[in-house]
Number of protein chains: 2
Amino acid sequence: MLAVVPQGGNSGLVGGSVPVFDEIVINTSRMNQIRSFDEVSGTLVVDAGCILETVDGYLAERNHVFPLDLGAKGSCQIGGNVSTNAGGLRLLRYGSLHENVLGIEAVLPDGTIVDDLSKLRKNNTGYDLKQLFIGAEGTIGIVTGISILCPQRSPAINVAFFGLESFEKAQTAFKEAKGQLSEILSAFELMDAQSQDIVHKVTHNKHPLEGTHPFYCLIETSGSNAEHDTAKLEKFLESVMENDIVSDGVVAENETQVKTLWAWREGISECLGHWGGVYKYDLSIPLPELYSLVEDVRAKLDRAGLIGDTDEYPVVDVVGYGHMGDANLHLNVVTRRFDKAVEKQLEPYVYEWIQERKGSISAEHGLGLAKKNYIGYSRSETMIGLMRQIKNLYDPVSFFCLWSWCAWANSYV
Amino acid sequence: MLAVVPQGGNSGLVGGSVPVFDEIVINTSRMNQIRSFDEVSGTLVVDAGCILETVDGYLAERNHVFPLDLGAKGSCQIGGNVSTNAGGLRLLRYGSLHENVLGIEAVLPDGTIVDDLSKLRKNNTGYDLKQLFIGAEGTIGIVTGISILCPQRSPAINVAFFGLESFEKAQTAFKEAKGQLSEILSAFELMDAQSQDIVHKVTHNKHPLEGTHPFYCLIETSGSNAEHDTAKLEKFLESVMENDIVSDGVVAENETQVKTLWAWREGISECLGHWGGVYKYDLSIPLPELYSLVEDVRAKLDRAGLIGDTDEYPVVDVVGYGHMGDANLHLNVVTRRFDKAVEKQLEPYVYEWIQERKGSISAEHGLGLAKKNYIGYSRSETMIGLMRQIKNLYDPVSFFCLWSWCAWANSYV
């Protein structure tokens, strides 16, 4: 028997869609039809293979928006988004896929078709089984169709970018933003000075702020009334500047400036690869300690004599940024080459650090092949046992995703 | 062996917490501690037995709000809310419990403690098993603790109440409200003339609008800026009045008026019981046909000669109201006495009507004892089979909730 691995747009971080044991790939690209859209309720039904950007474009023409947005939108597929429970940029405003997905159509390993493509927002008749498939990474079934609730598009988008002197001040700014911007706050992104320095070194673009600051935040608002939103944002900026929470700030005045400001956040990932390799960690950490990990890792690599400006040092810098609104940190170690000495410093240190603080070793990218051995750092033995039960229920011979953390490779020996 | 039935505040509609086969009741009332609250992230951890109103009061003192509100808040418990996936009044604005619940602590029938009391908004490490317990009605485990994300309290609440000439106009008004009020729209409630007439007959209160209209809607907005919200609401009302979508309307000018207007919606349920009995249905129906069921049932009972103003007729009236924003209709048949002839007209007619339109026979109240035999009208054989698998996995001898639709009574014969 050969195993099967479902594959969407192949844009994942952890290798969940990569065949490594001679599996058969089932690629969903040709299942790319938009099945229906109802403008009154905002309910969209699509094939799993639809590209996120295509779907969002279709909705834009109808004055709606897909409740998820992420960097890979040009290639990632809706089925993959749902299977990995992708988080992305709009989560703060529109909620997660566990909220917005109304129904799922999926094929189980034994050929059973899960026909749960409901268009209802409320249906309390029995277990909400579709939730199991959201984030299951294709290990218990292949998602073939999705119905999802899409909000109306916000006509007003505002972006502000500011510098702060400490991570404590960034936390205060976030709390203030939640209070004052509340219902229109659609993104609160954190970037450290190191990340901005690297973007500058690679792109040679002029940074939006004059001086340098240890931390930067990007705030986005999405609302139905431009005048109201601008007034709220200006009042917020005034109050955080007056109270010395924020040191300097700038507001985008047109769509080009919106894109320019976002580029200092969205461009980080690409620029980090400039020197060679990057060790990437996508982590959830209770907010008060979110940035401490970056400092601890930087200090640790420094003590080991591994960070430096010249070629003899394997590490260029340690960088932290991410979705502060979701307590989601991207820890990135930028290297000139992959080096066992660096790896030894990083692991299991990073995972143990996360475990001590009850964080998550994979906030929004799943486990896949790359992180499958580390689930124990974020889940108890009991929870892993309960998950194995579910895998065993749907796929007792590990027909799907042989690589996965919950598969029993023994079945194939 | 004796079976077990978990019981919270005993405020359910469908008898899910009622022992009927000599079960042992496990009541959670004394598990009533608020365990922790973090003001920066808004994460609250509570025992399952905490009363909803108590928790919301605790949060109000800290400028936050519980993301769920419902009529029974003075007696219902958080554990029961989660176990029944309660919907209620704030769903449109704050989302469902599938979104807001971050973690669950539960005890399985075999004594295993599910220790998934995460405080993280993002944790993509394996299956999101807590989702199974949300809405499971205690059939696979007893929820003992919950961590949940709570938003900051909105300082500005506005309520408008208006009359419309048709259900089509109510739909148009809803679409307009979603567009113009967007991020501040926190409730869009529908009431028919019959429901308002009954509230008037019972309370003798003066109705907020002068003339009579076939339909009424109540809109609530919750936002961070009173001035902006009032401006948006006024502009919305102007546009729907000018375009003949709405015939007449009134806006609450203070908190007392807010409560008075809400009473014409929240008071319906109690007033319906005035004559004797009420047949209650809590249904999800695709929006365009939401109200047709009320008309069809009224016509059917009328044809059967069962509705009338005098004592010889068992039925007083057929009433429809509900959460239009969630396509959730409460169909209520107000009777002077329970009568087999009425029941024969109603069932299985109502369930078949729902099935034809792919609606849900229980939108937000679960199946419990009362609706357990009707799951087939809202779920396919395949889905019911998959649900039985889950029940069998966690509770093979039906130790919990013997009454439930998925339990095998045979185990006890």
# chains A, B, ... in the order shown; residues from 1 in each chain; ligands from 1

$ residues_around --residues "Gln345 in chain B" --least-positions-apart "4" --cutoff "9 Å" --atoms "only C-alpha atoms" --output "VMD selection string"
chain B and resid 297 300 to 301 304 340 to 341 349 to 350

$ write_last_selection --atoms "N, CA and C atoms" --output "PDB file, in the first residue's frame"
ATOM      1  N   VAL B 297     -47.011  28.043   8.686  1.00  0.00           N
ATOM      2  CA  VAL B 297     -47.571  27.375   9.867  1.00  0.00           C
ATOM      3  C   VAL B 297     -48.883  28.041  10.279  1.00  0.00           C
ATOM      4  N   LYS B 300     -51.563  26.980   7.921  1.00  0.00           N
ATOM      5  CA  LYS B 300     -51.900  25.565   8.116  1.00  0.00           C
ATOM      6  C   LYS B 300     -52.829  25.390   9.325  1.00  0.00           C
ATOM      7  N   LEU B 301     -52.495  26.056  10.417  1.00  0.00           N
ATOM      8  CA  LEU B 301     -53.320  25.942  11.627  1.00  0.00           C
ATOM      9  C   LEU B 301     -54.678  26.607  11.414  1.00  0.00           C
ATOM     10  N   ALA B 304     -56.881  24.377   9.462  1.00  0.00           N
ATOM     11  CA  ALA B 304     -57.363  23.285  10.317  1.00  0.00           C
ATOM     12  C   ALA B 304     -58.362  23.781  11.358  1.00  0.00           C
ATOM     13  N   LYS B 340     -53.397  17.613  21.056  1.00  0.00           N
ATOM     14  CA  LYS B 340     -52.826  16.670  20.087  1.00  0.00           C
ATOM     15  C   LYS B 340     -53.063  17.120  18.643  1.00  0.00           C
ATOM     16  N   ALA B 341     -54.229  17.750  18.405  1.00  0.00           N
ATOM     17  CA  ALA B 341     -54.561  18.189  17.045  1.00  0.00           C
ATOM     18  C   ALA B 341     -53.561  19.238  16.563  1.00  0.00           C
ATOM     19  N   TYR B 349     -44.294  18.409  10.254  1.00  0.00           N
ATOM     20  CA  TYR B 349     -44.328  19.455   9.226  1.00  0.00           C
ATOM     21  C   TYR B 349     -43.173  20.460   9.348  1.00  0.00           C
ATOM     22  N   VAL B 350     -43.002  21.021  10.563  1.00  0.00           N
ATOM     23  CA  VAL B 350     -41.962  22.045  10.755  1.00  0.00           C
ATOM     24  C   VAL B 350     -40.576  21.478  10.421  1.00  0.00           C
TER      25      VAL B 350
END

$ select_by_dssp --residues "range 285-367 of chain A" --states "strand (DSSP E or B)" --output "MDAnalysis selection string"
chainID A and resid 307 315:323 328:335 360

$ calpha_fit_rmsd --fixed "chain A" --moving "chain B"
0.1 Å

$ atom_distance --atom1 "CA of Ser292 in chain A" --atom2 "CA of Glu356 in chain A"
12.9 Å

$ atom_distance --atom1 "CA of Val65 in chain B" --atom2 "CA of Asp326 in chain B"
20.5 Å

$ residues_around --residues "Glu165 in chain A" --least-positions-apart "6" --cutoff "12 Å" --atoms "only C-alpha atoms" --output "list in words"
Gln171, Thr172, Ala173, Asp192, Ala193, Gly211, Thr212, His213, Pro214, Phe215, Tyr216, Cys217, Asp244, Ile245, Val246, Ser247 and Asp248 of chain A

$ write_last_selection --atoms "C-alpha atoms" --output "mmCIF file, in the first residue's frame"
data_model
loop_
_atom_site.group_PDB
_atom_site.id
_atom_site.type_symbol
_atom_site.label_atom_id
_atom_site.label_comp_id
_atom_site.auth_asym_id
_atom_site.auth_seq_id
_atom_site.Cartn_x
_atom_site.Cartn_y
_atom_site.Cartn_z
ATOM 1 C CA GLN A 171 2.317 46.607 25.419
ATOM 2 C CA THR A 172 0.818 49.825 26.796
ATOM 3 C CA ALA A 173 0.279 51.103 23.259
ATOM 4 C CA ASP A 192 12.248 45.207 16.547
ATOM 5 C CA ALA A 193 15.057 47.569 15.488
ATOM 6 C CA GLY A 211 15.570 58.545 14.433
ATOM 7 C CA THR A 212 16.053 54.939 15.552
ATOM 8 C CA HIS A 213 14.041 53.194 18.255
ATOM 9 C CA PRO A 214 14.344 49.745 19.837
ATOM 10 C CA PHE A 215 10.785 48.865 18.738
ATOM 11 C CA TYR A 216 8.333 49.778 16.014
ATOM 12 C CA CYS A 217 4.623 49.135 15.702
ATOM 13 C CA ASP A 244 5.220 59.362 26.300
ATOM 14 C CA ILE A 245 4.136 55.872 25.286
ATOM 15 C CA VAL A 246 5.164 56.422 21.679
ATOM 16 C CA SER A 247 8.281 58.444 20.723
ATOM 17 C CA ASP A 248 7.588 59.218 17.080
#

$ closest_residue --among "B:Cys150, B:Met31, B:Leu181, B:Val333" --to "chain A" --atoms "only C-alpha atoms"
B:Leu181

$ interface_residues --of "chain B" --to "chain A" --cutoff "7 Å" --atoms "only C-alpha atoms" --output "NGL selection string"
:B and (40 or 95-96 or 98-99 or 114 or 120-129 or 131-132 or 135-136 or 152 or 175 or 179-180 or 182-184 or 223-224 or 228 or 284 or 326 or 360 or 362-367 or 375 or 382-383 or 387)

$ closest_residue --among "B:Thr144, B:Gln77, B:Phe188, B:Glu255" --to "Ala156 in chain B" --atoms "only C-alpha atoms"
B:Glu255

$ residues_around --residues "Asp309 in chain B" --least-positions-apart "5" --cutoff "12 Å" --atoms "only C-alpha atoms" --output "NGL selection string"
:B and (275 or 302 or 314-317 or 334-336)

$ write_last_selection --atoms "all heavy atoms" --output "mmCIF file, in the first residue's frame"
data_model
loop_
_atom_site.group_PDB
_atom_site.id
_atom_site.type_symbol
_atom_site.label_atom_id
_atom_site.label_comp_id
_atom_site.auth_asym_id
_atom_site.auth_seq_id
_atom_site.Cartn_x
_atom_site.Cartn_y
_atom_site.Cartn_z
ATOM 1 N N TRP B 275 -51.102 32.708 28.100
ATOM 2 C CA TRP B 275 -52.373 31.992 27.880
ATOM 3 C C TRP B 275 -52.329 30.527 28.308
ATOM 4 O O TRP B 275 -53.342 29.878 28.352
ATOM 5 C CB TRP B 275 -52.774 32.073 26.404
ATOM 6 C CG TRP B 275 -53.302 33.420 26.028
ATOM 7 C CD1 TRP B 275 -54.612 33.790 25.981
ATOM 8 C CD2 TRP B 275 -52.554 34.570 25.673
ATOM 9 N NE1 TRP B 275 -54.719 35.107 25.622
ATOM 10 C CE2 TRP B 275 -53.474 35.615 25.421
ATOM 11 C CE3 TRP B 275 -51.193 34.850 25.547
ATOM 12 C CZ2 TRP B 275 -53.081 36.898 25.053
ATOM 13 C CZ3 TRP B 275 -50.797 36.121 25.178
ATOM 14 C CH2 TRP B 275 -51.732 37.131 24.935
ATOM 15 N N ASP B 302 -54.678 27.672 10.616
ATOM 16 C CA ASP B 302 -55.918 28.372 10.308
ATOM 17 C C ASP B 302 -56.840 27.474 9.482
ATOM 18 O O ASP B 302 -58.028 27.332 9.776
ATOM 19 C CB ASP B 302 -55.583 29.660 9.545
ATOM 20 C CG ASP B 302 -56.727 30.657 9.603
ATOM 21 O OD1 ASP B 302 -57.473 30.629 10.606
ATOM 22 O OD2 ASP B 302 -56.881 31.441 8.652
ATOM 23 N N PRO B 314 -57.739 26.169 20.316
ATOM 24 C CA PRO B 314 -56.558 25.928 21.158
ATOM 25 C C PRO B 314 -55.424 26.936 20.921
ATOM 26 O O PRO B 314 -54.683 27.253 21.845
ATOM 27 C CB PRO B 314 -56.117 24.510 20.766
ATOM 28 C CG PRO B 314 -56.730 24.239 19.430
ATOM 29 C CD PRO B 314 -57.988 25.054 19.374
ATOM 30 N N VAL B 315 -55.315 27.463 19.688
ATOM 31 C CA VAL B 315 -54.171 28.330 19.379
ATOM 32 C C VAL B 315 -54.563 29.806 19.421
ATOM 33 O O VAL B 315 -55.526 30.222 18.777
ATOM 34 C CB VAL B 315 -53.585 27.988 17.991
ATOM 35 C CG1 VAL B 315 -52.440 28.940 17.646
ATOM 36 C CG2 VAL B 315 -53.100 26.545 17.951
ATOM 37 N N VAL B 316 -53.800 30.603 20.178
ATOM 38 C CA VAL B 316 -54.014 32.048 20.246
ATOM 39 C C VAL B 316 -53.440 32.714 19.001
ATOM 40 O O VAL B 316 -54.100 33.478 18.317
ATOM 41 C CB VAL B 316 -53.340 32.644 21.509
ATOM 42 C CG1 VAL B 316 -53.519 34.157 21.559
ATOM 43 C CG2 VAL B 316 -53.887 31.977 22.766
ATOM 44 N N ASP B 317 -52.177 32.406 18.707
ATOM 45 C CA ASP B 317 -51.534 32.998 17.532
ATOM 46 C C ASP B 317 -50.216 32.281 17.229
ATOM 47 O O ASP B 317 -49.695 31.552 18.071
ATOM 48 C CB ASP B 317 -51.265 34.494 17.766
ATOM 49 C CG ASP B 317 -51.427 35.291 16.475
ATOM 50 O OD1 ASP B 317 -51.324 34.687 15.385
ATOM 51 O OD2 ASP B 317 -51.657 36.508 16.555
ATOM 52 N N VAL B 334 -48.505 29.978 20.215
ATOM 53 C CA VAL B 334 -49.061 30.302 21.532
ATOM 54 C C VAL B 334 -50.407 29.605 21.682
ATOM 55 O O VAL B 334 -51.298 29.791 20.851
ATOM 56 C CB VAL B 334 -49.248 31.830 21.660
ATOM 57 C CG1 VAL B 334 -49.722 32.196 23.064
ATOM 58 C CG2 VAL B 334 -47.955 32.552 21.306
ATOM 59 N N THR B 335 -50.541 28.798 22.738
ATOM 60 C CA THR B 335 -51.777 28.016 22.880
ATOM 61 C C THR B 335 -52.445 28.237 24.232
ATOM 62 O O THR B 335 -51.803 28.645 25.197
ATOM 63 C CB THR B 335 -51.487 26.504 22.750
ATOM 64 O OG1 THR B 335 -50.592 26.123 23.798
ATOM 65 C CG2 THR B 335 -50.877 26.165 21.416
ATOM 66 N N ARG B 336 -53.730 27.934 24.258
ATOM 67 C CA ARG B 336 -54.485 27.998 25.516
ATOM 68 C C ARG B 336 -54.328 26.696 26.297
ATOM 69 O O ARG B 336 -54.554 26.644 27.490
ATOM 70 C CB ARG B 336 -55.965 28.247 25.221
ATOM 71 C CG ARG B 336 -56.187 29.578 24.523
ATOM 72 C CD ARG B 336 -57.652 29.950 24.381
ATOM 73 N NE ARG B 336 -57.745 31.331 23.933
ATOM 74 C CZ ARG B 336 -57.686 31.708 22.652
ATOM 75 N NH1 ARG B 336 -57.568 30.806 21.699
ATOM 76 N NH2 ARG B 336 -57.747 32.982 22.331
#

$ atom_distance --atom1 "CA of Glu189 in chain B" --atom2 "CA of Glu61 in chain A"
28.7 Å

$ residues_around --residues "Asn10 in chain A" --least-positions-apart "3" --cutoff "7 Å" --atoms "only C-alpha atoms" --output "JSON list (two decimals) with C-alpha atoms, in the first residue's frame"
[["chain", "number", "residue", "atom", "x", "y", "z"],
["A", 7, "GLN", "CA", -1.14, 19.20, -1.47],
["A", 17, "SER", "CA", 2.42, 19.01, 1.85],
["A", 76, "CYS", "CA", -1.92, 29.44, -1.33]]

$ select_by_dssp --residues "range 29-262 of chain B" --states "alpha helix (DSSP H)" --output "VMD selection string"
chain B and resid 52 to 61 78 to 83 91 to 94 97 to 100 130 to 133 167 to 180 193 to 203 226 to 242 255 to 262

$ closest_residue --among "A:Gly12, A:Glu253, A:Asn32, A:Ala60" --to "Asn81 in chain A" --atoms "only C-alpha atoms"
A:Gly12

$ residues_around --residues "Thr260 in chain B" --least-positions-apart "4" --cutoff "12 Å" --atoms "only C-alpha atoms" --output "MDAnalysis selection string"
chainID B and resid 159:161 205:208 218 250:256 264:267

$ closest_residue --among "B:Ile78, B:Ser11, B:Glu220, B:Asp110" --to "Thr28 in chain B" --atoms "only C-alpha atoms"
B:Ile78

$ residues_around --residues "Thr43 in chain A" --least-positions-apart "3" --cutoff "6 Å" --atoms "only C-alpha atoms" --output "count of residues only"
4
